[in-house]
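The data block below is work05.txt; it holds compact mmCIF, C-alpha atoms and all ligand atoms.
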```
# COMPACT_ATOMS: atom_id res chain seq x y z
CA MET A 1 19.72 92.78 -20.04
CA LYS A 2 19.40 95.89 -17.93
CA ARG A 3 17.03 95.55 -15.02
CA PRO A 4 14.21 98.14 -15.09
CA SER A 5 14.43 100.60 -12.21
CA VAL A 6 12.35 99.95 -9.13
CA ARG A 7 9.64 102.49 -8.36
CA ILE A 8 8.50 102.88 -4.76
CA ASP A 9 5.48 105.07 -3.96
CA ILE A 10 5.06 105.87 -0.28
CA ILE A 11 1.70 107.07 1.02
CA THR A 12 2.08 108.88 4.33
CA VAL A 13 0.66 111.63 6.55
CA LEU A 14 4.25 112.75 7.23
CA PRO A 15 6.14 113.04 3.92
CA GLU A 16 8.59 115.51 5.52
CA LEU A 17 9.86 112.72 7.74
CA LEU A 18 10.96 110.69 4.73
CA ASN A 19 12.95 113.24 2.73
CA GLY A 20 16.05 112.85 4.89
CA PRO A 21 16.60 109.09 4.66
CA PHE A 22 16.50 109.12 0.86
CA SER A 23 18.72 112.16 0.28
CA HIS A 24 22.06 110.64 1.22
CA SER A 25 24.52 107.88 0.57
CA ILE A 26 23.62 104.66 -1.25
CA VAL A 27 19.92 105.42 -1.72
CA LYS A 28 20.57 108.88 -3.14
CA ARG A 29 23.25 107.54 -5.48
CA ALA A 30 20.95 104.75 -6.67
CA ILE A 31 18.27 107.34 -7.45
CA ASP A 32 20.81 109.58 -9.19
CA LYS A 33 21.99 106.62 -11.29
CA GLY A 34 18.39 105.88 -12.35
CA LEU A 35 18.24 102.53 -10.53
CA ALA A 36 15.37 103.57 -8.30
CA GLU A 37 12.59 106.14 -8.08
CA ILE A 38 10.89 107.10 -4.85
CA TYR A 39 7.72 109.21 -4.73
CA LEU A 40 6.18 110.52 -1.53
CA HIS A 41 2.42 111.13 -1.46
CA ASN A 42 0.70 113.06 1.29
CA LEU A 43 -2.39 111.12 2.30
CA ARG A 44 -4.06 114.39 3.32
CA ASP A 45 -4.11 115.42 -0.36
CA PHE A 46 -6.67 112.65 -0.84
CA SER A 47 -8.98 113.81 1.95
CA THR A 48 -12.21 115.53 0.93
CA ASP A 49 -12.62 116.95 4.42
CA LYS A 50 -12.05 120.70 4.82
CA HIS A 51 -9.59 120.01 7.64
CA ARG A 52 -7.78 117.48 5.43
CA SER A 53 -8.34 114.86 8.11
CA VAL A 54 -7.65 111.20 7.36
CA ASP A 55 -8.72 109.61 10.65
CA ASP A 56 -11.90 109.21 12.66
CA TYR A 57 -13.22 107.76 15.92
CA PRO A 58 -13.39 103.97 16.00
CA TYR A 59 -16.70 102.14 16.05
CA GLY A 60 -17.12 100.28 19.30
CA GLY A 61 -15.70 103.00 21.54
CA GLU A 62 -12.00 102.10 21.73
CA PRO A 63 -9.61 104.94 22.66
CA GLY A 64 -7.49 106.45 19.83
CA MET A 65 -8.20 107.34 16.22
CA VAL A 66 -8.37 105.07 13.18
CA MET A 67 -7.20 105.85 9.64
CA GLY A 68 -10.23 105.81 7.37
CA ILE A 69 -10.54 103.84 4.14
CA GLU A 70 -11.70 106.64 1.82
CA PRO A 71 -8.54 108.78 1.42
CA ILE A 72 -6.43 105.61 1.33
CA GLU A 73 -8.54 104.08 -1.41
CA ARG A 74 -8.32 107.31 -3.43
CA ALA A 75 -4.52 107.49 -2.97
CA ILE A 76 -4.02 103.87 -4.01
CA GLN A 77 -6.48 104.23 -6.90
CA SER A 78 -4.66 107.30 -8.23
CA LEU A 79 -1.47 105.22 -8.46
CA THR A 80 -2.91 101.92 -9.70
CA SER A 81 -4.78 103.75 -12.46
CA GLU A 82 -1.38 104.80 -13.85
CA ARG A 83 0.48 101.49 -13.65
CA SER A 84 0.17 98.05 -12.07
CA TYR A 85 1.87 97.37 -8.76
CA ASP A 86 3.55 94.14 -7.69
CA GLU A 87 2.90 94.70 -3.98
CA ILE A 88 0.93 97.17 -1.87
CA ILE A 89 2.57 96.99 1.54
CA PHE A 90 1.10 98.25 4.80
CA THR A 91 3.56 98.96 7.63
CA THR A 92 2.20 98.05 11.04
CA PRO A 93 3.55 96.38 14.19
CA ASP A 94 0.88 93.63 14.12
CA ALA A 95 2.21 91.87 11.03
CA PRO A 96 4.83 89.30 9.98
CA THR A 97 8.38 90.45 10.66
CA TYR A 98 10.43 91.86 7.80
CA ASN A 99 13.70 90.08 7.09
CA GLN A 100 16.46 89.80 4.47
CA LYS A 101 14.64 87.07 2.57
CA THR A 102 11.68 89.40 2.04
CA ALA A 103 14.05 92.27 1.15
CA ASN A 104 15.65 90.06 -1.52
CA ARG A 105 12.28 89.21 -3.02
CA LEU A 106 11.04 92.81 -2.97
CA SER A 107 14.27 93.95 -4.66
CA THR A 108 13.27 91.94 -7.77
CA LEU A 109 9.96 93.80 -8.18
CA GLU A 110 9.30 96.87 -10.35
CA ASN A 111 6.48 98.82 -8.71
CA ILE A 112 5.77 98.87 -5.00
CA ILE A 113 3.41 100.98 -2.88
CA ILE A 114 4.09 101.36 0.83
CA LEU A 115 1.23 102.68 2.94
CA CYS A 116 2.45 103.95 6.30
CA GLY A 117 0.26 103.04 9.24
CA HIS A 118 -0.56 105.62 11.91
CA TYR A 119 -2.67 106.34 14.97
CA LYS A 120 -4.46 103.37 16.53
CA GLY A 121 -4.41 101.58 13.20
CA VAL A 122 -6.25 101.49 9.94
CA ASP A 123 -9.82 100.49 9.11
CA GLN A 124 -9.64 96.70 8.75
CA ARG A 125 -11.23 96.90 5.28
CA VAL A 126 -8.00 98.51 3.99
CA ARG A 127 -6.12 95.47 5.22
CA ASP A 128 -8.69 93.03 3.91
CA HIS A 129 -9.21 94.52 0.45
CA LEU A 130 -6.61 97.12 -0.57
CA VAL A 131 -3.17 95.95 0.53
CA THR A 132 -1.40 92.82 -0.66
CA MET A 133 1.15 92.50 2.14
CA GLU A 134 1.63 93.65 5.75
CA LEU A 135 5.04 94.09 7.35
CA SER A 136 6.41 94.88 10.79
CA ILE A 137 10.09 95.76 11.13
CA GLY A 138 10.31 94.28 14.62
CA ASP A 139 8.57 93.56 17.89
CA TYR A 140 8.33 97.14 19.14
CA VAL A 141 5.94 99.96 18.43
CA LEU A 142 7.05 103.08 16.53
CA SER A 143 5.07 106.32 16.48
CA GLY A 144 4.18 105.64 12.86
CA GLY A 145 4.98 103.44 9.89
CA GLU A 146 7.26 106.00 8.17
CA ILE A 147 10.48 104.81 9.74
CA ALA A 148 9.49 101.25 8.86
CA ALA A 149 8.87 102.36 5.25
CA ALA A 150 12.32 104.00 5.21
CA VAL A 151 13.91 100.80 6.53
CA ILE A 152 12.17 98.63 3.94
CA THR A 153 12.98 101.04 1.09
CA ASP A 154 16.64 101.35 2.07
CA SER A 155 17.09 97.59 2.36
CA ILE A 156 15.52 97.03 -1.07
CA ILE A 157 17.50 99.72 -2.86
CA ARG A 158 20.92 98.68 -1.59
CA LEU A 159 20.30 95.25 -3.15
CA LEU A 160 19.73 96.61 -6.66
CA PRO A 161 22.58 95.66 -9.01
CA GLY A 162 24.86 98.71 -9.27
CA ALA A 163 23.62 100.38 -6.07
CA ILE A 164 26.72 99.32 -4.17
CA SER A 165 30.02 99.66 -5.98
CA ASP A 166 31.17 96.28 -4.73
CA THR A 167 28.38 93.92 -5.76
CA VAL A 168 29.91 91.14 -3.72
CA SER A 169 29.42 93.17 -0.58
CA ALA A 170 25.60 93.13 -0.61
CA LEU A 171 25.69 89.35 -0.98
CA SER A 172 28.13 88.92 1.90
CA ASP A 173 25.99 90.99 4.29
CA SER A 174 24.77 89.54 7.53
CA TYR A 175 21.63 87.40 7.06
CA GLN A 176 22.24 86.63 3.36
CA ASP A 177 23.29 83.10 4.29
CA ASN A 178 21.63 82.97 7.73
CA LEU A 179 24.97 83.95 9.29
CA LEU A 180 26.02 87.20 10.92
CA SER A 181 29.00 88.87 9.25
CA PRO A 182 32.47 88.01 10.59
CA PRO A 183 34.49 90.78 12.29
CA VAL A 184 36.32 93.23 10.01
CA TYR A 185 39.48 95.28 10.64
CA THR A 186 41.39 98.09 9.00
CA ARG A 187 44.71 99.86 9.69
CA PRO A 188 46.56 100.14 12.01
CA ALA A 189 47.42 96.46 12.43
CA ASN A 190 48.32 97.16 16.03
CA PHE A 191 46.45 99.81 18.02
CA LYS A 192 47.93 100.25 21.50
CA GLY A 193 48.53 96.50 21.70
CA TRP A 194 45.07 95.50 20.28
CA LYS A 195 46.14 93.47 17.29
CA VAL A 196 44.39 92.50 14.07
CA PRO A 197 44.24 88.67 13.87
CA GLU A 198 47.46 87.41 12.28
CA ILE A 199 45.64 85.33 9.67
CA LEU A 200 44.20 88.46 8.01
CA LEU A 201 47.70 89.79 7.41
CA SER A 202 48.92 86.46 5.96
CA GLY A 203 47.72 87.00 2.37
CA HIS A 204 46.54 83.37 2.30
CA ALA A 205 43.09 83.75 0.66
CA ALA A 206 41.76 80.24 1.32
CA LYS A 207 42.79 80.28 4.97
CA ILE A 208 41.31 83.76 5.40
CA ASP A 209 37.99 82.57 3.94
CA GLU A 210 38.00 79.58 6.26
CA TRP A 211 38.70 81.90 9.25
CA LYS A 212 35.90 84.30 8.23
CA HIS A 213 33.39 81.47 7.96
CA ARG A 214 34.42 80.06 11.35
CA LYS A 215 34.13 83.51 12.97
CA ALA A 216 30.73 84.12 11.34
CA LEU A 217 29.51 80.77 12.69
CA GLU A 218 30.87 81.43 16.20
CA LYS A 219 29.29 84.88 16.28
CA THR A 220 25.93 83.59 15.04
CA LYS A 221 25.94 80.74 17.60
CA LYS A 222 26.63 83.24 20.36
CA LEU A 223 24.39 86.16 19.37
CA ARG A 224 21.64 84.72 17.15
CA PRO A 225 21.39 80.92 17.54
CA ASP A 226 17.83 81.15 16.20
CA LEU A 227 19.27 81.86 12.71
CA LEU A 228 21.00 78.49 12.70
CA GLU A 229 17.76 76.81 13.82
CA ASP A 230 16.02 78.38 10.79
CA GLU A 231 18.44 76.54 8.50
CA LYS A 232 17.14 73.12 9.57
N1 LIG A 301 4.39 101.08 12.94
C1 LIG A 301 4.58 101.15 14.27
N2 LIG A 301 5.44 100.23 14.69
C2 LIG A 301 5.83 99.52 13.59
C3 LIG A 301 6.69 98.43 13.38
N3 LIG A 301 7.34 97.83 14.39
N4 LIG A 301 6.84 97.98 12.13
C4 LIG A 301 6.17 98.54 11.11
N5 LIG A 301 5.33 99.58 11.25
C5 LIG A 301 5.16 100.07 12.47
```

Could I get this structure in the form of structure tokens?
Ligand code: ADE
Amino acid sequence: MKRPSVRIDIITVLPELLNGPFSHSIVKRAIDKGLAEIYLHNLRDFSTDKHRSVDDYPYGGEPGMVMGIEPIERAIQSLTSERSYDEIIFTTPDAPTYNQKTANRLSTLENIIILCGHYKGVDQRVRDHLVTMELSIGDYVLSGGEIAAAVITDSIIRLLPGAISDTVSALSDSYQDNLLSPPVYTRPANFKGWKVPEILLSGHAAKIDEWKHRKALEKTKKLRPDLLEDEK
């Protein structure tokens, strides 16, 4: 049975920032093939303020501005009144870290909202009552949650069946089995004396697979031993 397309609605104060990442390559092709739909919503369109503002000073006198609950609630309400959503994700650095396991799960859903964090943060009541999930894409702070939303969206869409011509290739990506990918080579077999490992030219499929697995394990042990710990 054909999988229904995934619909991702992104609520942001900077929709312009997100046009680029979705207009090329795998994501664009997936949209063109009808596997995915992405809609950008400008949070300012849901402000009732004459300056279209969506932030305000924090209670308690902290420096910086805070995104208010009202425009966010209206934006989310306008979407949830049309269809039900499987997850409403808030992108913020102070959240659990996004990983391939979460990407795999999200890629099985049909309707997802991503709310992009900004400024000093968002009124806690949004986090307590309106979103269903919070995600950080890593232990560093971006200027806003848009790039995080682009990362999450891209990683979901490339997993959709048919998004990548070679379906095996998404499954053999780094992290799918808690291993980094083994090294890959293409022609020429010898570049100024730097040679492609002999085994890859041998045509012996089983031995090549065994070599790839060994290399993936060596690389993971060296660069990301924590991934092997996670296995236990
Ligand atoms: N917004 C700012 N930094 C972020 C991060 N690391 N992940 C998700 N959203 C963010």

My list of candidates is A:Leu180, A:Ile26, A:Ile147, A:Leu201. Which is closest to ligand LIG 301 (chain A) when distances are computed with all atoms listed in the file?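 Going through A:Leu180, A:Ile26, A:Ile147, A:Leu201 one by one, the smallest distance to ligand LIG 301 (chain A) is for A:Ile147.
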
Could you list, with a cut-off of 10 Å and counting all atoms listed in the file, the residues of chain A near ligand LIG 301 (chain A), each shown with its nearest atom pair and the distance in Å rounded to one decimal, rows sorted by chain and ascending number, as JSON lines?
```
{"residue": "A:Phe90", "atom": "CA", "partner": "A:LIG301", "partner_atom": "N5", "distance": 7.8}
{"residue": "A:Thr91", "atom": "CA", "partner": "A:LIG301", "partner_atom": "N5", "distance": 4.1}
{"residue": "A:Thr92", "atom": "CA", "partner": "A:LIG301", "partner_atom": "N5", "distance": 3.5}
{"residue": "A:Pro93", "atom": "CA", "partner": "A:LIG301", "partner_atom": "C3", "distance": 3.8}
{"residue": "A:Asp94", "atom": "CA", "partner": "A:LIG301", "partner_atom": "C3", "distance": 7.6}
{"residue": "A:Ala95", "atom": "CA", "partner": "A:LIG301", "partner_atom": "N4", "distance": 7.7}
{"residue": "A:Pro96", "atom": "CA", "partner": "A:LIG301", "partner_atom": "N4", "distance": 9.2}
{"residue": "A:Thr97", "atom": "CA", "partner": "A:LIG301", "partner_atom": "N4", "distance": 7.8}
{"residue": "A:Tyr98", "atom": "CA", "partner": "A:LIG301", "partner_atom": "N4", "distance": 8.3}
{"residue": "A:Leu115", "atom": "CA", "partner": "A:LIG301", "partner_atom": "N5", "distance": 9.8}
{"residue": "A:Cys116", "atom": "CA", "partner": "A:LIG301", "partner_atom": "N5", "distance": 7.2}
{"residue": "A:Gly117", "atom": "CA", "partner": "A:LIG301", "partner_atom": "N1", "distance": 5.9}
{"residue": "A:His118", "atom": "CA", "partner": "A:LIG301", "partner_atom": "N1", "distance": 6.8}
{"residue": "A:Tyr119", "atom": "CA", "partner": "A:LIG301", "partner_atom": "C1", "distance": 8.9}
{"residue": "A:Lys120", "atom": "CA", "partner": "A:LIG301", "partner_atom": "C1", "distance": 9.6}
{"residue": "A:Gly121", "atom": "CA", "partner": "A:LIG301", "partner_atom": "N1", "distance": 8.8}
{"residue": "A:Glu134", "atom": "CA", "partner": "A:LIG301", "partner_atom": "C4", "distance": 8.6}
{"residue": "A:Leu135", "atom": "CA", "partner": "A:LIG301", "partner_atom": "C4", "distance": 5.9}
{"residue": "A:Ser136", "atom": "CA", "partner": "A:LIG301", "partner_atom": "N4", "distance": 3.4}
{"residue": "A:Ile137", "atom": "CA", "partner": "A:LIG301", "partner_atom": "N4", "distance": 4.1}
{"residue": "A:Gly138", "atom": "CA", "partner": "A:LIG301", "partner_atom": "N3", "distance": 4.6}
{"residue": "A:Asp139", "atom": "CA", "partner": "A:LIG301", "partner_atom": "N3", "distance": 5.7}
{"residue": "A:Tyr140", "atom": "CA", "partner": "A:LIG301", "partner_atom": "N3", "distance": 4.9}
{"residue": "A:Val141", "atom": "CA", "partner": "A:LIG301", "partner_atom": "N2", "distance": 3.8}
{"residue": "A:Leu142", "atom": "CA", "partner": "A:LIG301", "partner_atom": "N2", "distance": 3.8}
{"residue": "A:Ser143", "atom": "CA", "partner": "A:LIG301", "partner_atom": "C1", "distance": 5.6}
{"residue": "A:Gly144", "atom": "CA", "partner": "A:LIG301", "partner_atom": "N1", "distance": 4.6}
{"residue": "A:Gly145", "atom": "CA", "partner": "A:LIG301", "partner_atom": "N1", "distance": 3.9}
{"residue": "A:Glu146", "atom": "CA", "partner": "A:LIG301", "partner_atom": "N5", "distance": 7.4}
{"residue": "A:Ile147", "atom": "CA", "partner": "A:LIG301", "partner_atom": "N5", "distance": 7.5}
{"residue": "A:Ala148", "atom": "CA", "partner": "A:LIG301", "partner_atom": "C4", "distance": 4.8}
{"residue": "A:Ala149", "atom": "CA", "partner": "A:LIG301", "partner_atom": "C4", "distance": 7.5}
{"residue": "A:Val151", "atom": "CA", "partner": "A:LIG301", "partner_atom": "C4", "distance": 9.3}
{"residue": "A:Ile152", "atom": "CA", "partner": "A:LIG301", "partner_atom": "C4", "distance": 9.3}
```

Suppose we keep C-alpha atoms; can you now write the selection as a compact mmCIF listing (two decimals), in the frame of the given file?
```txt
# COMPACT_ATOMS: atom_id res chain seq x y z
CA PHE A 90 1.10 98.25 4.80
CA THR A 91 3.56 98.96 7.63
CA THR A 92 2.20 98.05 11.04
CA PRO A 93 3.55 96.38 14.19
CA ASP A 94 0.88 93.63 14.12
CA ALA A 95 2.21 91.87 11.03
CA PRO A 96 4.83 89.30 9.98
CA THR A 97 8.38 90.45 10.66
CA TYR A 98 10.43 91.86 7.80
CA LEU A 115 1.23 102.68 2.94
CA CYS A 116 2.45 103.95 6.30
CA GLY A 117 0.26 103.04 9.24
CA HIS A 118 -0.56 105.62 11.91
CA TYR A 119 -2.67 106.34 14.97
CA LYS A 120 -4.46 103.37 16.53
CA GLY A 121 -4.41 101.58 13.20
CA GLU A 134 1.63 93.65 5.75
CA LEU A 135 5.04 94.09 7.35
CA SER A 136 6.41 94.88 10.79
CA ILE A 137 10.09 95.76 11.13
CA GLY A 138 10.31 94.28 14.62
CA ASP A 139 8.57 93.56 17.89
CA TYR A 140 8.33 97.14 19.14
CA VAL A 141 5.94 99.96 18.43
CA LEU A 142 7.05 103.08 16.53
CA SER A 143 5.07 106.32 16.48
CA GLY A 144 4.18 105.64 12.86
CA GLY A 145 4.98 103.44 9.89
CA GLU A 146 7.26 106.00 8.17
CA ILE A 147 10.48 104.81 9.74
CA ALA A 148 9.49 101.25 8.86
CA ALA A 149 8.87 102.36 5.25
CA VAL A 151 13.91 100.80 6.53
CA ILE A 152 12.17 98.63 3.94
```

In Å, rounded to a single decimal, give me how far atom CA of A:Ala163 is from atom CA of A:Ser5.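 Atom-to-atom, atom CA of A:Ser5 and atom CA of A:Ala163 are spaced 11.1 Å apart.
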
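Pairwise distance (atom CA of A:Ser84, atom CA of A:Val131) equals 13.2 Å.
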
Determine, counting only C-alpha atoms, which protein, DNA and RNA residues have an atom within 12 Å of an atom of A:Gly34; residues of the same chain fewer than 2 positions away are not included. Present the result as a VMD selection string. chain A and resid 2 to 7 27 to 32 36 to 38 157 160 to 163

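Going from atom CA of A:Ile199 over to atom CA of A:Leu227, you cover 26.8 Å.
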
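With only C-alpha atoms as the basis for measurement, A:Thr12 is the residue among A:Gln100, A:Thr12, A:Gln124, A:Ser169 that approaches A:Ala75 most closely.
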
Using only C-alpha atoms, can you tell me which of A:Leu159, A:Met65, A:Ile11, A:Leu35 comes closest to A:Ser172?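 Of A:Leu159, A:Met65, A:Ile11, A:Leu35, the one nearest A:Ser172, counting only C-alpha atoms, is A:Leu159.
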
For A:Ala170, which residue out of A:Ala103, A:Met133, A:Ala206, A:Leu200 is the nearest one, using all atoms listed in the file? A:Ala103

Using all atoms listed in the file, which protein or nucleic acid residues come within 10 Å of A:Val184? Drop anything in the same chain fewer than 2 positions from it, and give the result as a PyMOL selection string. chain A and resi 181-182+186+196-197+200+212

N, CA, C and O atoms are needed for stretch 210-228 of chain A; please write them out as a PDB file, in the coordinates of the input.
```pdb
ATOM      1  N   GLU A 210      38.366  80.592   5.263  1.00  0.00           N
ATOM      2  CA  GLU A 210      38.000  79.580   6.260  1.00  0.00           C
ATOM      3  C   GLU A 210      37.858  80.242   7.629  1.00  0.00           C
ATOM      4  O   GLU A 210      36.904  79.986   8.369  1.00  0.00           O
ATOM      5  N   TRP A 211      38.745  81.169   7.962  1.00  0.00           N
ATOM      6  CA  TRP A 211      38.700  81.900   9.250  1.00  0.00           C
ATOM      7  C   TRP A 211      37.418  82.745   9.326  1.00  0.00           C
ATOM      8  O   TRP A 211      36.721  82.741  10.340  1.00  0.00           O
ATOM      9  N   LYS A 212      37.094  83.436   8.232  1.00  0.00           N
ATOM     10  CA  LYS A 212      35.900  84.300   8.230  1.00  0.00           C
ATOM     11  C   LYS A 212      34.645  83.466   8.466  1.00  0.00           C
ATOM     12  O   LYS A 212      33.756  83.865   9.213  1.00  0.00           O
ATOM     13  N   HIS A 213      34.575  82.309   7.805  1.00  0.00           N
ATOM     14  CA  HIS A 213      33.390  81.470   7.960  1.00  0.00           C
ATOM     15  C   HIS A 213      33.281  80.969   9.402  1.00  0.00           C
ATOM     16  O   HIS A 213      32.193  80.977   9.987  1.00  0.00           O
ATOM     17  N   ARG A 214      34.428  80.564   9.963  1.00  0.00           N
ATOM     18  CA  ARG A 214      34.420  80.060  11.350  1.00  0.00           C
ATOM     19  C   ARG A 214      33.964  81.169  12.296  1.00  0.00           C
ATOM     20  O   ARG A 214      33.139  80.959  13.178  1.00  0.00           O
ATOM     21  N   LYS A 215      34.493  82.383  12.104  1.00  0.00           N
ATOM     22  CA  LYS A 215      34.130  83.510  12.970  1.00  0.00           C
ATOM     23  C   LYS A 215      32.646  83.859  12.834  1.00  0.00           C
ATOM     24  O   LYS A 215      31.983  84.179  13.811  1.00  0.00           O
ATOM     25  N   ALA A 216      32.145  83.809  11.577  1.00  0.00           N
ATOM     26  CA  ALA A 216      30.730  84.120  11.340  1.00  0.00           C
ATOM     27  C   ALA A 216      29.852  83.104  12.084  1.00  0.00           C
ATOM     28  O   ALA A 216      28.862  83.468  12.732  1.00  0.00           O
ATOM     29  N   LEU A 217      30.273  81.839  12.020  1.00  0.00           N
ATOM     30  CA  LEU A 217      29.510  80.770  12.690  1.00  0.00           C
ATOM     31  C   LEU A 217      29.552  80.950  14.204  1.00  0.00           C
ATOM     32  O   LEU A 217      28.517  80.873  14.875  1.00  0.00           O
ATOM     33  N   GLU A 218      30.741  81.238  14.739  1.00  0.00           N
ATOM     34  CA  GLU A 218      30.870  81.430  16.200  1.00  0.00           C
ATOM     35  C   GLU A 218      29.996  82.589  16.662  1.00  0.00           C
ATOM     36  O   GLU A 218      29.297  82.498  17.666  1.00  0.00           O
ATOM     37  N   LYS A 219      30.049  83.692  15.893  1.00  0.00           N
ATOM     38  CA  LYS A 219      29.290  84.880  16.280  1.00  0.00           C
ATOM     39  C   LYS A 219      27.782  84.607  16.221  1.00  0.00           C
ATOM     40  O   LYS A 219      27.032  85.001  17.119  1.00  0.00           O
ATOM     41  N   THR A 220      27.359  83.892  15.178  1.00  0.00           N
ATOM     42  CA  THR A 220      25.930  83.590  15.040  1.00  0.00           C
ATOM     43  C   THR A 220      25.472  82.676  16.169  1.00  0.00           C
ATOM     44  O   THR A 220      24.405  82.890  16.755  1.00  0.00           O
ATOM     45  N   LYS A 221      26.292  81.660  16.503  1.00  0.00           N
ATOM     46  CA  LYS A 221      25.940  80.740  17.600  1.00  0.00           C
ATOM     47  C   LYS A 221      25.758  81.504  18.889  1.00  0.00           C
ATOM     48  O   LYS A 221      24.866  81.233  19.682  1.00  0.00           O
ATOM     49  N   LYS A 222      26.639  82.501  19.098  1.00  0.00           N
ATOM     50  CA  LYS A 222      26.630  83.240  20.360  1.00  0.00           C
ATOM     51  C   LYS A 222      25.473  84.258  20.400  1.00  0.00           C
ATOM     52  O   LYS A 222      24.748  84.341  21.386  1.00  0.00           O
ATOM     53  N   LEU A 223      25.326  85.035  19.314  1.00  0.00           N
ATOM     54  CA  LEU A 223      24.390  86.160  19.370  1.00  0.00           C
ATOM     55  C   LEU A 223      23.000  85.845  18.813  1.00  0.00           C
ATOM     56  O   LEU A 223      22.015  86.410  19.266  1.00  0.00           O
ATOM     57  N   ARG A 224      22.931  84.986  17.797  1.00  0.00           N
ATOM     58  CA  ARG A 224      21.640  84.720  17.150  1.00  0.00           C
ATOM     59  C   ARG A 224      21.491  83.234  16.806  1.00  0.00           C
ATOM     60  O   ARG A 224      21.340  82.868  15.632  1.00  0.00           O
ATOM     61  N   PRO A 225      21.505  82.355  17.848  1.00  0.00           N
ATOM     62  CA  PRO A 225      21.390  80.920  17.540  1.00  0.00           C
ATOM     63  C   PRO A 225      20.118  80.578  16.775  1.00  0.00           C
ATOM     64  O   PRO A 225      20.090  79.590  16.036  1.00  0.00           O
ATOM     65  N   ASP A 226      19.091  81.419  16.914  1.00  0.00           N
ATOM     66  CA  ASP A 226      17.830  81.150  16.200  1.00  0.00           C
ATOM     67  C   ASP A 226      18.030  81.121  14.674  1.00  0.00           C
ATOM     68  O   ASP A 226      17.309  80.428  13.966  1.00  0.00           O
ATOM     69  N   LEU A 227      19.029  81.862  14.165  1.00  0.00           N
ATOM     70  CA  LEU A 227      19.270  81.860  12.710  1.00  0.00           C
ATOM     71  C   LEU A 227      19.738  80.503  12.235  1.00  0.00           C
ATOM     72  O   LEU A 227      19.410  80.066  11.129  1.00  0.00           O
ATOM     73  N   LEU A 228      20.499  79.814  13.084  1.00  0.00           N
ATOM     74  CA  LEU A 228      21.000  78.490  12.700  1.00  0.00           C
ATOM     75  C   LEU A 228      19.862  77.462  12.786  1.00  0.00           C
ATOM     76  O   LEU A 228      19.805  76.531  11.990  1.00  0.00           O
TER      77      LEU A 228
END
```
